[in-house]
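Let me begin by presenting the structure, written as structure tokens, before commenting on it.
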Number of protein chains: 2
Amino acid sequence: MNDNIKITYPSSEKVYMKGTLHPELRVGMRKVMLTPTVKVKNGKQEVHENAPILVYDTSGAYSDPSVEIDLNKGLPKLRQPWIDGRKGTQMYFAKQGIITHEMEYVAIRENMNCRELGIKTHITPEFVRQEVAAGRAVIPANTHHPESEPMIIGTNFLVKINTNIGNSSLSSGISEEVEKAVWSCKWGGDTLMDLSTGDNIHETREWILRNCPVPVGTVPMYQAFEKVNGKAEDLSWEVFRDTLIEQCEQGVDYFTIHCGIRLKNISLAGPRLTGIVSRGGSIISKWCRMHNEESFLYSHFDDICDICARYDAALSLGDGLRPGSTFDANDAAQFAELDTMGELVERAWARNVQVFIEGPGHVPMHKIRENMDRQTEKCHGAPFYTLGPLVTDIAPGYDHITSAIGAATIGWYGTAMLCYVTPKEHLALPNKDDVRTGVVTYKIAAHAADLAKGHPGAAVRDNALSKARYEFRWKDQFNLALDPERALEYYKSSNDVGGKYCTMCGPHFCAMRISHSMETCDQ
Amino acid sequence: MNDNIKITYPSSEKVYMKGTLHPELRVGMRKVMLTPTVKVKNGKQEVHENAPILVYDTSGAYSDPSVEIDLNKGLPKLRQPWIDGRKGTQMYFAKQGIITHEMEYVAIRENMNCRELGIKTHITPEFVRQEVAAGRAVIPANTHHPESEPMIIGTNFLVKINTNIGNSSLSSGISEEVEKAVWSCKWGGDTLMDLSTGDNIHETREWILRNCPVPVGTVPMYQAFEKVNGKAEDLSWEVFRDTLIEQCEQGVDYFTIHCGIRLKNISLAGPRLTGIVSRGGSIISKWCRMHNEESFLYSHFDDICDICARYDAALSLGDGLRPGSTFDANDAAQFAELDTMGELVERAWARNVQVFIEGPGHVPMHKIRENMDRQTEKCHGAPFYTLGPLVTDIAPGYDHITSAIGAATIGWYGTAMLCYVTPKEHLALPNKDDVRTGVVTYKIAAHAADLAKGHPGAAVRDNALSKARYEFRWKDQFNLALDPERALEYYKSSNDVGGKYCTMCGPHFCAMRISHSMETCDQ
């Protein structure tokens with residue numbers, strides 16, 4: 001296991017903001033230091049400082065030089081003191097009018113740069129409490145995963161992104177998965193799903209959880225399926241229940257469970273071009289068909305909720321009948337499952353279990369809006385969490401892009417979290433570079449949606465970067481970028497001058513240079 | 001010069017479709033051959049043929065094995081017989097009720113797979129004529145560029161993409177630019193802009209034009225600016241006019257000219273974060289300011305039109321005041337220029353000059369719609385041709401993606417052509433691999449828009465690929481992809497089995513495999 005796993009960002013400092021209601025809170029963020037603007041006016045040099053910019057930071061203690069990282073010991077358990085002596089879920093507390101540590105933490109985190117720049121924000125700790133109480137937002141925070149830094153998933157907050165990692169029976173090992181987890185946090189992944197299906201599922205997950213500063217999700221069916229040696233018909237509520245409890249005990253923060261598949265609705269997928277493309281969905285559908293019985297995930301839904309409530313694990317209702325091609329988008333099978341999920345949302349809330357809803361998949365642009373609107377209506381405002389969607393099927397090898405188009409669009413419409421897609425989707429398991437590309441691509445989609453939704457302070461980073469660009473402060477431009485390393489690498493590929501133009505246009509044809517020279521001739 | 005420059009696509013044949021009104025027409029397209037579907041039912045093997053799929057083909061004679069390519073001789077002059085003895089522009093003929101060879105050619109080209117599959121289409125040669133007559137569509141086809149295969153740019157047709165190539169004073173040479181031109185055509189670029197600003201502008205352009213099967217655009221100001229040694233104040237109408245005529249003579253199919261900048265509007269860019277970021281726009285603005293005079297591009301607009309009309313070169317009204325950051329989007333400077341462009345459109349049409357309008361740039365998602373709607377209204381339905389737009393500024397190194405999100409969105413809203421952006425935008429000049437990534441990314445954006453607009457037959461390729469995916473016909477899936485080579489390369493990176501699952505999920509967890517097994521248990 002590689003213990004030299006610290007994260008650094010160029011020209012950045014790790015800083016912490018304190019709480020007010022809970023003064024012991026220390027909310028980590030990244031402060032990007034900028035160089036001054038230097039102008040020559042009437043022959044005199046003027047120097048104007050540029051204030052540092054705060055950036056939402058998912059890298060946890062890995063980017064704090066004062067913390068020693070030991071993967072064998074795991075990360076500091078920052079939430080343990082808050083959890084000790086407390087009993088109930090975030091939703092339960094919210095309904096009681098109690099603002100938890102987690103609620104204030106996310107309120108501070110969501111308001112990056114607002115206090116510093118005097119930007120008005122609707123996001124107060126009380127607003128967070130109201131949103132959690134109403135079920136419109138979820139703070140996934142299993143009491144057995146005290147290492148994770150609180151974050152919030154809801155339409156009235158920053159759009160979040162999830163990263164999938166995990167080995168299959170044919171691929172990678174544990175240390176590679178832990179490295180990928182930290183790597184995902186470095187680039188900005190807000191939550192992490194461990195989708196391992198191979199050997200050592202339990203052990204891999206343990207390593208990830210103890211070393212992961214963001215909430216971790218799983219699909220417990222995968223492990224249950226391994227326990228019955230991949231024979232769907234041998235699955236049972238008992239096997240599934242035991243797996244769920246095992247994973248709750250380890251600290252999994254949210255579970256994708258395909259509870260919305262009803263026996264009567266499976267045949268609706270019959271006329272499809274691409275059938276059932278959800279792994280969990282196909283397994284439980286097969287079980288239903290072979291037993292000719294309602295799925296135990298549906299019939300035991302209240303039991304599932306009771307288990308989750310004990311640990312404050314959140315539920316992510318998996319869309320087992322999501323479309324696997326644009327042809328199948330918005331069909332009867334998909335929407336029948338959504339209706340069932342709406343029913344389950346109310347049952348989860350009655351038990352104070354936080355819940356969000358998974359969505360497609362493959363959807364052409366003109367059919368995206370209907371997905372968002374129907375989900376909001378049928379699921380009573382519970383957060384939506386979508387995979388892409390991919391807006392065309394014809395670009396394997398580029399599906400991070402086909403899906404980022406759909407993700408930005410549905411994020412703008414109100415989707416709270418976007419599940420990333422890497423360039424290897426449909427083709428192979430992602431390597432580290434694919435994870436980086438996938439995460440950065442989804443940070444773009446999420447941020448584009450934040451700008452379009454007018455999230456308080458979202459434009460601060462864009463404006464600071466644009467100002468740096470116009471003033472030829474190249475290093476500031478790179479340091480403010482989502483991927484400073486790649487920006488610098490590309491720049492270096494053809495520039496050895498650090499001056500007031502670049503090889504794109506050469507000195508004569510630089511529009512910004514000419515534009516500046518006009519400012520001078522205005523005087 | 002590399003003469004071994006032929007283009008091949010896997011499992012594909014070059015085919016030609018004949019005209020009806022003009023039976024001598026031979027419209028090239030690519031036919032992708034598919035393998036049959038093999039199913040086992042009740043123990044018996046059933047084989048179902050899959051019909052080949054036609055794909056819109058921009059690769060010209062380069063993908064025709066029967067044509068010998070000699071870059072020194074140039075491509076066959078397929079339009080020469082149509083042009084000889086004809087006098088007038090496409091718009092002139094359209095207004096006279098005449099359906100030219102070019103009009104029938106594009107009608108056939110736009111209806112890929114429609115005749116074969118009985119798909120209803122609104123695109124007839126007569127419809128093309130009407131759209132050209134009304135100015136809602138442009139067929140850029142300089143009579144001195146008979147090598148180019150006709151294509152159409154208009155909101156009621158397939159969304160097109162433009163590729164920029166060209167050397168700057170600091171970079172590449174002629175052979176590299178010709179190679180990039182053919183490379184762009186290979187991946188699907190519909191038009192090509194040669195933005196060279198370095199030495200040998202004339203010669204580079206000549207090589208490109210003689211060997212380019214798609215329409216070529218330029219920004220003639222760049223060459224005029226070189227002629228006055230990069231001193232904006234030394235520019236004049238005469239220098240510009242001579243340059244324009246020189247390029248018309250060579251066969252440039254459309255010209256980006258920043259005629260819409262009025263002296264009174266330049267100061268509107270004053271409060272901007274990023275000033276003027278258009279090269280042509282900044283040069284002519286500086287000229288206006290230094291002479292304190294209306295731009296000669298504006299005051300000589302009718303003369304420009306008369307020159308273009310003689311060659312049937314189209315005008316692309318450049319948006320010299322486009323925003324260079326999301327902060328500056330939709331501001332007074334940008335929209336004042338758009339108003340002027342609306343005025344110029346009518347003057348161009350009065351002279352039978354085909355014209356389209358360039359658009360931004362950097363625009364957050366919620367401000368994109370206004371760009372499209374205003375352009376349609378102010379410019380009387382003339383086609384819109386946008387650069388992206390980039391929906392956020394924070395991702396240098398990934399601006400093909402930030403801009404593909406905006407491009408797909410504005411394409412869906414009605415933009416006729418999208419100017420590609422490569423990963424190196426803002427950082428360096430693109431190399432060949434960047435061009436490939438940029439073109440494929442923009443093919444995605446354009447195709448996503450075609451699907452959303454419901455273009456006749458647009459979904460055929462998606463559905464064929466999805467069917468291949470579901471049936472584990474891996475090779476068919478790759479061959480139907482926008483980039484078959486990359487899809488195959490990624491697949492091979494972790495699969496050595498060609499079977500009914502892949503390393504992503506392994507055999508047990510393959511949803512499609514389980515879904516198939518349910519079909520069997522249904523019987």
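By convention here, the chains of the structure tokens are called A, B, ... in the order presented, each chain's residues are numbered starting at 1, and ligands are numbered starting at 1 in the order presented.
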As a ChimeraX atom specification, please: the residues near Ile304 of chain A (cut-off 9 Å, only C-alpha atoms, same-chain neighbours under 4 positions excluded). /A:241,244,297,300,308-309
Could you please take those selected residues and save N, CA, C and O atoms as a short mmCIF file (atom, residue, chain, number, x, y, z; two decimals), in the first residue's frame?
data_model
loop_
_atom_site.label_atom_id
_atom_site.label_comp_id
_atom_site.auth_asym_id
_atom_site.auth_seq_id
_atom_site.Cartn_x
_atom_site.Cartn_y
_atom_site.Cartn_z
N ARG A 241 -30.37 -9.17 3.50
CA ARG A 241 -30.43 -8.44 4.78
C ARG A 241 -29.09 -8.51 5.52
O ARG A 241 -28.56 -7.49 5.98
N LEU A 244 -26.60 -6.31 3.86
CA LEU A 244 -26.89 -4.89 4.13
C LEU A 244 -26.38 -4.50 5.52
O LEU A 244 -25.73 -3.46 5.68
N LEU A 297 -36.87 -7.08 -2.35
CA LEU A 297 -36.42 -5.70 -2.08
C LEU A 297 -37.62 -4.78 -1.96
O LEU A 297 -37.61 -3.81 -1.20
N HIS A 300 -39.82 -6.21 1.31
CA HIS A 300 -39.14 -5.93 2.59
C HIS A 300 -38.64 -4.50 2.68
O HIS A 300 -37.71 -4.22 3.43
N CYS A 308 -31.39 0.82 7.69
CA CYS A 308 -30.68 2.05 7.32
C CYS A 308 -30.81 3.11 8.42
O CYS A 308 -29.85 3.82 8.73
N ALA A 309 -31.99 3.22 9.00
CA ALA A 309 -32.23 4.24 10.03
C ALA A 309 -31.29 4.05 11.23
O ALA A 309 -30.83 5.02 11.82
#
At a cut-off of 12 Å, using only C-alpha atoms, what residues contact Pro220 of chain A? Leave out same-chain residues fewer than 3 positions from it and give the result as a ChimeraX atom specification. /A:193-197,201-202,205,217,223-227,239-248,252-258,279-280,297,304,315-316,318
Neighbours of Glu233 of chain A within 9 Å (only C-alpha atoms; same-chain residues fewer than 4 positions away dropped), as an MDAnalysis selection string? chainID A and resid 228 283:284 286:288 290:291
Exercise: Tyr413 of chain A partners within 9 Å, only C-alpha atoms, chain neighbours under 5 positions left out, as a PDB file with N, CA, C and O atoms, in the first residue's frame:
ATOM      1  N   THR A 155     -31.392  19.802  -4.752  1.00  0.00           N
ATOM      2  CA  THR A 155     -31.520  20.683  -5.914  1.00  0.00           C
ATOM      3  C   THR A 155     -31.187  22.135  -5.596  1.00  0.00           C
ATOM      4  O   THR A 155     -30.780  22.881  -6.480  1.00  0.00           O
ATOM      5  N   ILE A 368     -35.021  15.010 -22.010  1.00  0.00           N
ATOM      6  CA  ILE A 368     -34.419  15.123 -20.673  1.00  0.00           C
ATOM      7  C   ILE A 368     -35.357  15.827 -19.697  1.00  0.00           C
ATOM      8  O   ILE A 368     -35.564  15.388 -18.574  1.00  0.00           O
ATOM      9  N   ARG A 369     -35.941  16.918 -20.144  1.00  0.00           N
ATOM     10  CA  ARG A 369     -36.794  17.708 -19.251  1.00  0.00           C
ATOM     11  C   ARG A 369     -37.895  16.848 -18.614  1.00  0.00           C
ATOM     12  O   ARG A 369     -38.166  16.958 -17.413  1.00  0.00           O
ATOM     13  N   MET A 372     -36.763  14.994 -15.526  1.00  0.00           N
ATOM     14  CA  MET A 372     -36.622  15.805 -14.317  1.00  0.00           C
ATOM     15  C   MET A 372     -37.988  16.169 -13.738  1.00  0.00           C
ATOM     16  O   MET A 372     -38.221  16.028 -12.534  1.00  0.00           O
ATOM     17  N   ASP A 373     -38.865  16.617 -14.591  1.00  0.00           N
ATOM     18  CA  ASP A 373     -40.165  17.089 -14.099  1.00  0.00           C
ATOM     19  C   ASP A 373     -40.985  15.957 -13.486  1.00  0.00           C
ATOM     20  O   ASP A 373     -41.595  16.114 -12.432  1.00  0.00           O
ATOM     21  N   ALA A 408     -25.002  18.126 -17.759  1.00  0.00           N
ATOM     22  CA  ALA A 408     -25.082  19.571 -17.542  1.00  0.00           C
ATOM     23  C   ALA A 408     -26.521  20.038 -17.707  1.00  0.00           C
ATOM     24  O   ALA A 408     -27.024  20.863 -16.931  1.00  0.00           O
ATOM     25  N   ALA A 449     -23.959  23.732 -14.593  1.00  0.00           N
ATOM     26  CA  ALA A 449     -25.314  23.744 -14.037  1.00  0.00           C
ATOM     27  C   ALA A 449     -25.420  24.743 -12.876  1.00  0.00           C
ATOM     28  O   ALA A 449     -26.406  25.469 -12.756  1.00  0.00           O
ATOM     29  N   LYS A 453     -27.956  27.773 -12.716  1.00  0.00           N
ATOM     30  CA  LYS A 453     -28.941  27.880 -11.630  1.00  0.00           C
ATOM     31  C   LYS A 453     -28.715  29.134 -10.790  1.00  0.00           C
ATOM     32  O   LYS A 453     -29.512  29.454  -9.918  1.00  0.00           O
TER      33      LYS A 453
END
Considering only C-alpha atoms, can you say which of A:Arg26, A:Lys77, A:Lys443, A:His455 comes closest to chain B? A:Lys443
DSSP strand (DSSP E) selection over segment 197-441 of chain B, as a PDB file with C-alpha atoms, in the first residue's frame:
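Writing the result to result_22.pdb gives the following:
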ATOM      1  CA  VAL B 216     -13.119  26.333 -47.202  1.00  0.00           C
ATOM      2  CA  GLY B 217     -13.515  29.545 -45.246  1.00  0.00           C
ATOM      3  CA  THR B 218     -10.985  32.228 -44.334  1.00  0.00           C
ATOM      4  CA  TYR B 254     -16.915  31.731 -47.418  1.00  0.00           C
ATOM      5  CA  PHE B 255     -15.354  34.724 -45.739  1.00  0.00           C
ATOM      6  CA  THR B 256     -15.532  35.742 -42.134  1.00  0.00           C
ATOM      7  CA  ILE B 257     -15.615  39.532 -42.220  1.00  0.00           C
ATOM      8  CA  ALA B 314     -20.742  33.290 -49.059  1.00  0.00           C
ATOM      9  CA  LEU B 315     -20.371  35.804 -46.247  1.00  0.00           C
ATOM     10  CA  SER B 316     -19.986  34.799 -42.644  1.00  0.00           C
ATOM     11  CA  LEU B 317     -20.572  37.963 -40.637  1.00  0.00           C
ATOM     12  CA  VAL B 355     -24.882  35.013 -45.719  1.00  0.00           C
ATOM     13  CA  PHE B 356     -24.700  33.520 -42.238  1.00  0.00           C
ATOM     14  CA  ILE B 357     -23.974  34.990 -38.838  1.00  0.00           C
ATOM     15  CA  GLU B 358     -21.266  34.110 -36.350  1.00  0.00           C
ATOM     16  CA  GLY B 359     -22.067  33.827 -32.667  1.00  0.00           C
ATOM     17  CA  PHE B 384     -26.362  30.968 -37.115  1.00  0.00           C
ATOM     18  CA  TYR B 385     -22.789  29.676 -36.815  1.00  0.00           C
ATOM     19  CA  THR B 386     -21.416  29.626 -33.293  1.00  0.00           C
ATOM     20  CA  LEU B 387     -18.100  28.978 -31.584  1.00  0.00           C
ATOM     21  CA  MET B 417     -23.196  25.143 -37.836  1.00  0.00           C
ATOM     22  CA  LEU B 418     -20.877  24.702 -34.863  1.00  0.00           C
ATOM     23  CA  CYS B 419     -17.266  25.808 -34.940  1.00  0.00           C
TER      24      CYS B 419
END
Please report the interatomic distance between atom CA of Thr340 of chain B and atom CA of Arg322 of chain B in Å with one decimal. 13.5 Å
Name all residues at most 10 Å from Pro10 of chain A (count only C-alpha atoms; drop same-chain ones fewer than 4 positions away) and give them as a PyMOL selection string. chain A and resi 32-33+475-476+478-480+484-485
Those residues with N, CA and C atoms, as a compact mmCIF listing (two decimals), in the first residue's frame please?
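Output file result32.txt follows:
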# COMPACT_ATOMS: atom_id res chain seq x y z
N VAL A 32 -6.70 29.50 -3.22
CA VAL A 32 -5.77 29.66 -4.33
C VAL A 32 -5.21 31.09 -4.30
N MET A 33 -3.90 31.19 -4.14
CA MET A 33 -3.24 32.49 -4.06
C MET A 33 -2.98 33.01 -5.48
N LYS A 475 0.02 31.74 -15.01
CA LYS A 475 0.07 30.79 -13.88
C LYS A 475 -1.22 30.85 -13.07
N ASP A 476 -1.74 32.06 -12.87
CA ASP A 476 -3.01 32.18 -12.14
C ASP A 476 -4.13 31.47 -12.90
N PHE A 478 -3.84 28.90 -14.85
CA PHE A 478 -3.71 27.44 -14.66
C PHE A 478 -4.11 27.04 -13.24
N ASN A 479 -3.65 27.82 -12.26
CA ASN A 479 -3.90 27.43 -10.88
C ASN A 479 -5.38 27.46 -10.52
N LEU A 480 -6.14 28.30 -11.21
CA LEU A 480 -7.58 28.38 -10.96
C LEU A 480 -8.37 27.34 -11.76
N PRO A 484 -5.15 22.03 -13.16
CA PRO A 484 -4.00 22.90 -13.40
C PRO A 484 -2.86 22.18 -14.12
N GLU A 485 -2.67 20.91 -13.79
CA GLU A 485 -1.55 20.17 -14.37
C GLU A 485 -1.70 20.01 -15.88
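Of note, atom CA of His516 of chain B and atom CA of Asn50 of chain B are spaced 18.8 Å apart.
Here atom CA of Pro65 of chain A and atom CA of Lys160 of chain A stand 25.9 Å from one another.
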Considering only C-alpha atoms, return as an NGL selection string whatever protein or nucleic-acid residues lie within 8 Å of His362 of chain B, sequence-local ones (same chain, fewer than 4 positions apart) excluded. :B and (323-326 or 328-329 or 388-393)
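Across B:Lys18, B:Lys95, B:Lys367, B:His101, the tightest approach to chain A is made by B:Lys367 when counting only C-alpha atoms.
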Which of segment 131-373 of chain A fall in alpha helix (DSSP H), as a PyMOL selection string: chain A and resi 131-133+174-187+201-210+220-227+237-250+263-266+279-291+296-299+301-311+332-350+368-373
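Candidate residues A:Lys424, A:Arg129, A:His447, A:Lys432 were compared for distance to Ile405 of chain B, and the nearest is A:His447, using only C-alpha atoms.
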May I have the residues within 12 Å of Gly454 of chain B as a tab-separated table (two decimals) with N, CA and C atoms, in the first residue's frame, using only C-alpha atoms and disregarding those fewer than 4 positions away in the same chain?
chain	number	residue	atom	x	y	z
A	364	PRO	N	-32.09	11.23	-25.29
A	364	PRO	CA	-31.81	12.36	-26.20
A	364	PRO	C	-32.22	13.68	-25.56
A	365	MET	N	-31.60	14.77	-25.97
A	365	MET	CA	-31.76	16.05	-25.28
A	365	MET	C	-33.22	16.48	-25.10
A	366	HIS	N	-34.02	16.28	-26.12
A	366	HIS	CA	-35.40	16.79	-26.03
A	366	HIS	C	-36.26	15.98	-25.07
A	367	LYS	N	-35.76	14.86	-24.61
A	367	LYS	CA	-36.54	14.06	-23.65
A	367	LYS	C	-36.00	14.16	-22.23
B	119	ILE	N	-38.12	6.13	-44.41
B	119	ILE	CA	-38.35	7.19	-43.42
B	119	ILE	C	-38.82	8.45	-44.13
B	120	LYS	N	-39.90	9.03	-43.62
B	120	LYS	CA	-40.46	10.24	-44.22
B	120	LYS	C	-39.50	11.41	-44.02
B	121	THR	N	-39.33	12.22	-45.06
B	121	THR	CA	-38.44	13.36	-44.94
B	121	THR	C	-39.05	14.59	-45.59
B	122	HIS	N	-38.77	15.73	-44.99
B	122	HIS	CA	-39.27	16.99	-45.56
B	122	HIS	C	-38.26	17.57	-46.55
B	155	THR	N	-30.92	25.85	-40.47
B	155	THR	CA	-31.53	25.29	-39.26
B	155	THR	C	-32.41	24.08	-39.55
B	156	ASN	N	-32.94	23.97	-40.78
B	156	ASN	CA	-33.80	22.83	-41.10
B	156	ASN	C	-33.04	21.65	-41.71
B	157	PHE	N	-31.73	21.67	-41.54
B	157	PHE	CA	-30.90	20.59	-42.09
B	157	PHE	C	-30.04	20.01	-40.97
B	158	LEU	N	-29.25	18.99	-41.31
B	158	LEU	CA	-28.31	18.43	-40.33
B	158	LEU	C	-27.40	19.54	-39.79
B	159	VAL	N	-27.13	19.52	-38.51
B	159	VAL	CA	-26.22	20.50	-37.93
B	159	VAL	C	-24.80	20.18	-38.42
B	412	TRP	N	-29.42	22.36	-30.81
B	412	TRP	CA	-30.81	21.91	-30.59
B	412	TRP	C	-31.76	23.10	-30.77
B	413	TYR	N	-31.38	24.27	-30.28
B	413	TYR	CA	-32.24	25.45	-30.38
B	413	TYR	C	-32.33	25.97	-31.82
B	414	GLY	N	-31.42	25.54	-32.69
B	414	GLY	CA	-31.54	25.97	-34.09
B	414	GLY	C	-30.28	26.42	-34.79
B	447	HIS	N	-24.69	15.84	-33.64
B	447	HIS	CA	-25.60	14.71	-33.76
B	447	HIS	C	-26.64	14.70	-32.63
B	448	ALA	N	-26.20	15.08	-31.43
B	448	ALA	CA	-27.14	15.18	-30.31
B	448	ALA	C	-28.23	16.19	-30.65
B	449	ALA	N	-27.83	17.29	-31.29
B	449	ALA	CA	-28.81	18.30	-31.70
B	449	ALA	C	-29.73	17.76	-32.80
B	450	ASP	N	-29.18	17.01	-33.75
B	450	ASP	CA	-30.00	16.42	-34.81
B	450	ASP	C	-31.06	15.49	-34.24
B	458	ALA	N	-31.98	10.52	-38.37
B	458	ALA	CA	-30.81	10.74	-37.51
B	458	ALA	C	-30.62	9.61	-36.51
B	459	ALA	N	-31.71	9.00	-36.06
B	459	ALA	CA	-31.60	7.97	-35.01
B	459	ALA	C	-31.20	6.59	-35.55
B	460	VAL	N	-31.12	6.46	-36.87
B	460	VAL	CA	-30.84	5.13	-37.46
B	460	VAL	C	-29.51	4.57	-36.97
